Structure formats: C-alpha cells, structure tokens
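Asks: Pasting a structure here, questions to come.
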Amino acid sequence: MTLNVCVIGAGALGTAISQTISENVPVLLHLRNQELCDDINNTGYNTQYYPNQKLNENIKATTDFNDLKECEIIFLAIPSSAFRTTLQRLKEVIDNDTIIVTTAKGIEYPSLNTMGDLISEYFDENFVALSGPNFASEIMLNQPTITNIASRKRENAEKVKDVLATKEFKVKIIDDIKGIELCGVLKNINAIANGICEGMNINENARYSILTKGFKDTIKIIEAIGGNSDTAHEYCGFGDLIMTSTSPESRNHTLGILYGQRLIIDEAASGIVFEGKNSIRAVRDICNNYDINSDIVDFVYDVIIERIAPIRAFNKLWKKIE
C-alpha cells in the first residue's frame, strides 16, 4: 500500500502524528515557518517542539500548498481557529475526493459549525474525525495509545486506519461522527471545570462529583443533537474526558486551575491555544438552542466568560447537584 499522505501543522500533535504515520508510509509535513521547515529537512529535528527526538527519514517538510496536490489523505493538525482559512487555501489545490482528517476539538463561533461541518462546506461530508485520549508527547515517544476515528463513509475511515495504526498506536473505528466531534469539544469544558475546582482547592469528594456530573451532561448533550450516547463511553468520550480533566499535562485543566486561582493568562502573548475557552460560548449557545440544561457548561461559562468569582460560581453549581 502506497498513499500520498500529508499532515498540515508541525506543532506537537502534527509532528507526533507524522512520526506515527511514517512507520507505514512516507509523510509530507506542511507548516508555515520556513526556518523550521529547513531545520526539519536538513537536520531531521523539529527544533521547536521536539528538539531531542529525531524524525523518521521519510518525513519531508514543506511550506508550499502546491506540494499537496497529489495527496490522497490530509490530516489537519491545526487549531480550530485556523480551519476555515486553511480549507480555503486547500480548495485551490486539492480534489474533492481527497480524504481530510480533522484532529481539532473545537466549534466555530458564532456559526456553531464543527470542524467537520467546515470541511463539508468546502469539500464533502465524507471527512474523517479523529479523537481520543491522545497526548502528543506520548505519541511521539511511541508509547501505547489508542484513538477513535469516524466517517460517514466507512471506506475513508478504513484507509485512514491503514496509514495511522501501528503496533503501539491503535485505531478503533466508530460510526458516530456527531458524537466523536462533540466528545472532543465537551471534554475540554469538563477539563476547565475540574481545573477551576482544583485551583480553588475544592475537596476531592466534590471534585469527582463534578466530574461525574460533567460526564452525565456530555451524554445528555450528545443525545440531544442526534449523536449516539454509546460514543460517550468510547476512548474519545470517557477516556479523553478523564485524562483531560485530571492530568497536569492538559492545557485546559491548567487553564481552569489558573481561573480557579483568579489568575488570567494572556493567550496572545503566551502563544498557547486553549480550545475549551474558545468553545465555551459555542457550547452554551448549542445548549440554549436545543433547550439543554447543563450545570457544568453554565459553571464554566460563569467563570470564564462572565468572570464571576469562582467560589460564587461553585456555590451556585453545588446547590444544583443532586
């Protein structure tokens, strides 16, 4: 099997996915930074994200979108905020039958489009969504990892699995495209919620009660918009929610801790992307549009958007827990 595969985005996840795919087929890694592109091609190192880990030799970097013309599968390992502009550029150079894989876990605001919705807008609805408890640093180290993928076209999911799966990186196909995308978004909301509680030094009995409530709300939201509740019990659901909500490696968990401590981070200055913060307005609107009551969504919205004092927001939330 030989497929032309490209990964757009040479950040932590994009580089790690490229390394995994390169165990099976050659990979074209697209990025914007010409200096970093030259480093990768000349030295074999992504000096910005993995300066001590050599990339496999069949990974080649480029900054030219025209080099993507022959690609049959393209992984988008970029923030959700960059999706639309990237798709607009891709539309100029690739065919509609190119399989596009989204790894982003966000919702466009105020359109409330998922990343899959955006792909369908520019190409077709047979994209593939990838989501799971997948820290890039562990993928890069070739440590045991599993992820879910879903597509409306089973054949596309099978092709993506073929290029992505290795002995250590397992891939499970599910059929719920709505559910897999929503799980990726909602786990970030839960991670922030639990980070806020940790930042306030809320006791563990209460924190894990909040985590349980968040999992229940996730199921309720998925069902309300036409997804399958079983997806919440998959790796992309329960597994990712627990990992992101409890691990110090989780950026959204860390963001919640900072807000719980009444510390506000300057994202523009830091260059760190917090998908959960970008999604909270959209998820709140979705809940309102579908008449869904989610106490966890309201809690995070109160602290992050309304800037209500965390202890006041927690007391409001705790009164509703039963």
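Note on naming: chains are A, B, ... as they come in the structure tokens, residues start from 1 per chain, ligands start from 1 in the order shown.
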Give me the residues within 12 Å of Gln53 of chain A as a list of chain:residue names, counting only C-alpha atoms and dropping any in the same chain fewer than 6 places off.
Replies: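 Once the nearby chain positions are removed, what remains is A:Ala12, A:Thr15, A:Ala16, A:Gln19, A:Ile40, A:Thr43, A:Gly44, A:Tyr45, A:Asn46, A:Thr47, A:Ser137, A:Met140, A:Leu141, A:Asn142.
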Asks: So which residues touch Ala232 of chain A within 9 Å, counting only C-alpha atoms, skipping near sequence neighbours fewer than 4 positions away, as a VMD selection string?
Replies: chain A and resid 179 to 180 183 215 218 to 219 222 228 236 to 239
Asks: Write the residues of the preceding selection, restricted to N, CA and C atoms, as an mmCIF file, in the first residue's frame.
Replies:
data_model
loop_
_atom_site.group_PDB
_atom_site.id
_atom_site.type_symbol
_atom_site.label_atom_id
_atom_site.label_comp_id
_atom_site.auth_asym_id
_atom_site.auth_seq_id
_atom_site.Cartn_x
_atom_site.Cartn_y
_atom_site.Cartn_z
ATOM 1 N N GLY A 179 -21.144 12.455 17.484
ATOM 2 C CA GLY A 179 -20.721 12.166 18.839
ATOM 3 C C GLY A 179 -19.231 12.320 19.045
ATOM 4 N N ILE A 180 -18.439 11.842 18.082
ATOM 5 C CA ILE A 180 -16.987 11.908 18.251
ATOM 6 C C ILE A 180 -16.505 13.359 18.251
ATOM 7 N N CYS A 183 -17.670 14.960 21.660
ATOM 8 C CA CYS A 183 -16.863 14.493 22.786
ATOM 9 C C CYS A 183 -15.552 15.264 22.874
ATOM 10 N N PHE A 215 -19.735 14.195 33.001
ATOM 11 C CA PHE A 215 -19.873 13.045 32.113
ATOM 12 C C PHE A 215 -21.343 12.818 31.764
ATOM 13 N N THR A 218 -22.411 15.390 29.315
ATOM 14 C CA THR A 218 -21.877 15.073 27.988
ATOM 15 C C THR A 218 -22.815 14.122 27.253
ATOM 16 N N ILE A 219 -23.253 13.085 27.929
ATOM 17 C CA ILE A 219 -24.186 12.125 27.322
ATOM 18 C C ILE A 219 -25.475 12.832 26.913
ATOM 19 N N ILE A 222 -24.913 15.043 23.761
ATOM 20 C CA ILE A 222 -24.725 14.223 22.556
ATOM 21 C C ILE A 222 -26.058 13.671 22.059
ATOM 22 N N ASN A 228 -24.899 9.423 19.270
ATOM 23 C CA ASN A 228 -25.137 8.157 19.952
ATOM 24 C C ASN A 228 -24.534 8.221 21.349
ATOM 25 N N CYS A 236 -12.763 8.171 22.916
ATOM 26 C CA CYS A 236 -12.907 9.595 22.627
ATOM 27 C C CYS A 236 -13.832 10.288 23.618
ATOM 28 N N GLY A 237 -14.598 9.496 24.359
ATOM 29 C CA GLY A 237 -15.532 10.050 25.326
ATOM 30 C C GLY A 237 -14.988 9.962 26.729
ATOM 31 N N PHE A 238 -15.323 8.884 27.437
ATOM 32 C CA PHE A 238 -14.924 8.729 28.829
ATOM 33 C C PHE A 238 -13.405 8.812 28.996
ATOM 34 N N GLY A 239 -12.664 8.115 28.141
ATOM 35 C CA GLY A 239 -11.213 8.097 28.282
ATOM 36 C C GLY A 239 -10.596 9.466 28.163
#
Asks: If we count only C-alpha atoms and set the cut-off at 8 Å, which residues sit around Ala282 of chain A, ignoring sequence neighbours fewer than 6 positions away in its own chain? Please answer as JSON, numbers by chain.
Replies: {"A": [107, 108, 109, 110, 112]}
Asks: Identify which of the residues A:Asn203, A:Ser229, A:Gln88, A:Asn126 lies closest to Lys153 of chain A, counting only C-alpha atoms when measuring atom-to-atom distances.
Replies: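 Checking each candidate against Lys153 of chain A, we get A:Asn126 as the closest.
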Asks: Using only C-alpha atoms, which residues sit within 10 Å of Tyr301 of chain A once same-chain residues fewer than 2 positions away are excluded, as JSON, numbers by chain?
Replies: {"A": [189, 193, 277, 280, 281, 283, 284, 295, 296, 297, 298, 299, 303, 304, 305, 306, 307, 308, 313]}
Asks: Taking only segment 152-218 of chain A into account, list the residues labelled strand (DSSP E or B) by DSSP (computed from the backbone), as an MDAnalysis selection string.
Replies: chainID A and resid 169:174
Asks: Can you write out the residues you just picked, keeping C-alpha atoms, as a PDB file, in the first residue's frame?
Replies:
ATOM      1  CA  PHE A 169      -0.846   3.250  18.163  1.00  0.00           C
ATOM      2  CA  LYS A 170      -4.211   1.513  17.911  1.00  0.00           C
ATOM      3  CA  VAL A 171      -7.160   2.904  15.965  1.00  0.00           C
ATOM      4  CA  LYS A 172     -10.801   1.963  16.537  1.00  0.00           C
ATOM      5  CA  ILE A 173     -13.464   2.973  14.017  1.00  0.00           C
ATOM      6  CA  ILE A 174     -16.890   4.051  15.278  1.00  0.00           C
TER       7      ILE A 174
END
Asks: Could you tell me, as a VMD selection string, which residues of segment 112-261 of chain A DSSP assigns to helix (DSSP H, G or I) when given the backbone?
Replies: chain A and resid 115 to 122 136 to 140 154 to 164 177 to 199 204 to 224 229 to 233 235 to 246 251 to 260
Asks: How many Å separate atom CA of Leu182 of chain A from atom CA of Val7 of chain A?
Replies: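 According to the coordinates, atom CA of Leu182 of chain A and atom CA of Val7 of chain A are separated by 22.6 Å.
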Asks: Give one line per residue of segment 148-204 of chain A that approaches segment 90-101 of chain A to at most 10 Å, naming the two atoms of the closest pair and their distance in Å to one decimal, counting only C-alpha atoms; sort by chain then ascending residue number and deliver it as CSV.
Replies:
residue,atom,partner,partner_atom,distance
A:Ile149,CA,A:Val101,CA,9.0
A:Ala150,CA,A:Val101,CA,9.6
A:Ser151,CA,A:Val101,CA,9.2
A:Asn156,CA,A:Ile99,CA,6.7
A:Ala157,CA,A:Ile99,CA,9.0
A:Lys159,CA,A:Ile99,CA,8.8
A:Val160,CA,A:Val101,CA,8.1
Asks: With C-alpha atoms kept, could you save the residues just selected as a PDB file, in the first residue's frame?
Replies:
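Result file is out28.pdb:
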ATOM      1  CA  ILE A 149     -11.962   7.698  14.176  1.00  0.00           C
ATOM      2  CA  ALA A 150     -15.330   8.125  12.474  1.00  0.00           C
ATOM      3  CA  SER A 151     -16.593   8.941   8.999  1.00  0.00           C
ATOM      4  CA  ASN A 156     -12.447   6.515   4.148  1.00  0.00           C
ATOM      5  CA  ALA A 157     -12.119   5.525   7.794  1.00  0.00           C
ATOM      6  CA  LYS A 159      -7.952   3.983   4.609  1.00  0.00           C
ATOM      7  CA  VAL A 160      -7.063   6.360   7.422  1.00  0.00           C
TER       8      VAL A 160
END
Asks: Mind pulling up the distance from atom CA of Cys287 of chain A to atom CA of Ile221 of chain A?
Replies: 7.4 Å
Asks: If we count only C-alpha atoms, what is near Ile311 of chain A at a cut-off of 12 Å, once residues fewer than 4 positions away on the same chain are taken out, given as an mmCIF file with N, CA and C atoms, in the first residue's frame?
Replies:
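Result file follows (out04.cif):
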data_model
loop_
_atom_site.group_PDB
_atom_site.id
_atom_site.type_symbol
_atom_site.label_atom_id
_atom_site.label_comp_id
_atom_site.auth_asym_id
_atom_site.auth_seq_id
_atom_site.Cartn_x
_atom_site.Cartn_y
_atom_site.Cartn_z
ATOM 1 N N ILE A 196 -10.844 24.454 37.532
ATOM 2 C CA ILE A 196 -11.320 25.546 38.390
ATOM 3 C C ILE A 196 -11.475 25.055 39.824
ATOM 4 N N CYS A 197 -12.096 23.886 39.982
ATOM 5 C CA CYS A 197 -12.292 23.326 41.321
ATOM 6 C C CYS A 197 -10.957 23.044 42.003
ATOM 7 N N GLU A 198 -10.007 22.507 41.240
ATOM 8 C CA GLU A 198 -8.689 22.234 41.819
ATOM 9 C C GLU A 198 -7.995 23.530 42.201
ATOM 10 N N GLY A 199 -8.114 24.538 41.346
ATOM 11 C CA GLY A 199 -7.492 25.830 41.640
ATOM 12 C C GLY A 199 -8.040 26.468 42.900
ATOM 13 N N MET A 200 -9.293 26.175 43.220
ATOM 14 C CA MET A 200 -9.915 26.699 44.443
ATOM 15 C C MET A 200 -9.665 25.795 45.648
ATOM 16 N N ASN A 201 -8.945 24.677 45.433
ATOM 17 C CA ASN A 201 -8.718 23.694 46.495
ATOM 18 C C ASN A 201 -10.023 23.081 47.003
ATOM 19 N N ILE A 202 -10.963 22.881 46.087
ATOM 20 C CA ILE A 202 -12.187 22.168 46.434
ATOM 21 C C ILE A 202 -11.830 20.722 46.790
ATOM 22 N N TYR A 259 -7.795 30.009 36.455
ATOM 23 C CA TYR A 259 -9.009 30.779 36.722
ATOM 24 C C TYR A 259 -9.516 30.534 38.141
ATOM 25 N N GLY A 260 -9.369 29.296 38.620
ATOM 26 C CA GLY A 260 -9.769 28.997 39.986
ATOM 27 C C GLY A 260 -8.949 29.760 41.002
ATOM 28 N N GLN A 261 -7.721 30.113 40.618
ATOM 29 C CA GLN A 261 -6.833 30.891 41.480
ATOM 30 C C GLN A 261 -6.928 32.391 41.201
ATOM 31 N N ARG A 262 -7.890 32.750 40.356
ATOM 32 C CA ARG A 262 -8.124 34.152 39.971
ATOM 33 C C ARG A 262 -6.943 34.728 39.181
ATOM 34 N N PHE A 299 -21.494 26.562 34.667
ATOM 35 C CA PHE A 299 -20.436 26.850 35.637
ATOM 36 C C PHE A 299 -19.198 27.413 34.944
ATOM 37 N N ASP A 302 -19.870 30.842 33.494
ATOM 38 C CA ASP A 302 -19.905 31.879 34.538
ATOM 39 C C ASP A 302 -18.493 32.335 34.907
ATOM 40 N N VAL A 303 -17.581 31.399 35.047
ATOM 41 C CA VAL A 303 -16.221 31.740 35.491
ATOM 42 C C VAL A 303 -15.392 32.327 34.356
ATOM 43 N N ARG A 307 -16.817 36.050 34.206
ATOM 44 C CA ARG A 307 -15.822 36.424 35.223
ATOM 45 C C ARG A 307 -16.430 36.510 36.620
ATOM 46 N N ASN A 315 -20.511 27.627 44.371
ATOM 47 C CA ASN A 315 -21.642 27.516 45.298
ATOM 48 C C ASN A 315 -22.969 27.440 44.544
ATOM 49 N N LYS A 316 -23.075 28.206 43.476
ATOM 50 C CA LYS A 316 -24.263 28.160 42.626
ATOM 51 C C LYS A 316 -24.416 26.776 42.003
ATOM 52 N N LEU A 317 -23.297 26.216 41.516
ATOM 53 C CA LEU A 317 -23.320 24.883 40.919
ATOM 54 C C LEU A 317 -23.677 23.819 41.953
ATOM 55 N N TRP A 318 -23.061 23.890 43.128
ATOM 56 C CA TRP A 318 -23.252 22.846 44.127
ATOM 57 C C TRP A 318 -24.701 22.761 44.602
#
Asks: Could you pull the residues within 8 Å of Cys6 of chain A, counting only C-alpha atoms, minus those fewer than 4 positions along the same chain, as an NGL selection string?
Replies: :A and (27-30 or 68 or 71 or 73-75)
Asks: Would you compute the distance between atom CA of Ile8 of chain A and atom CA of Leu76 of chain A? Give it in Å to one decimal.
Replies: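 Spanning atom CA of Ile8 of chain A to atom CA of Leu76 of chain A is a straight-line distance of 5.1 Å.
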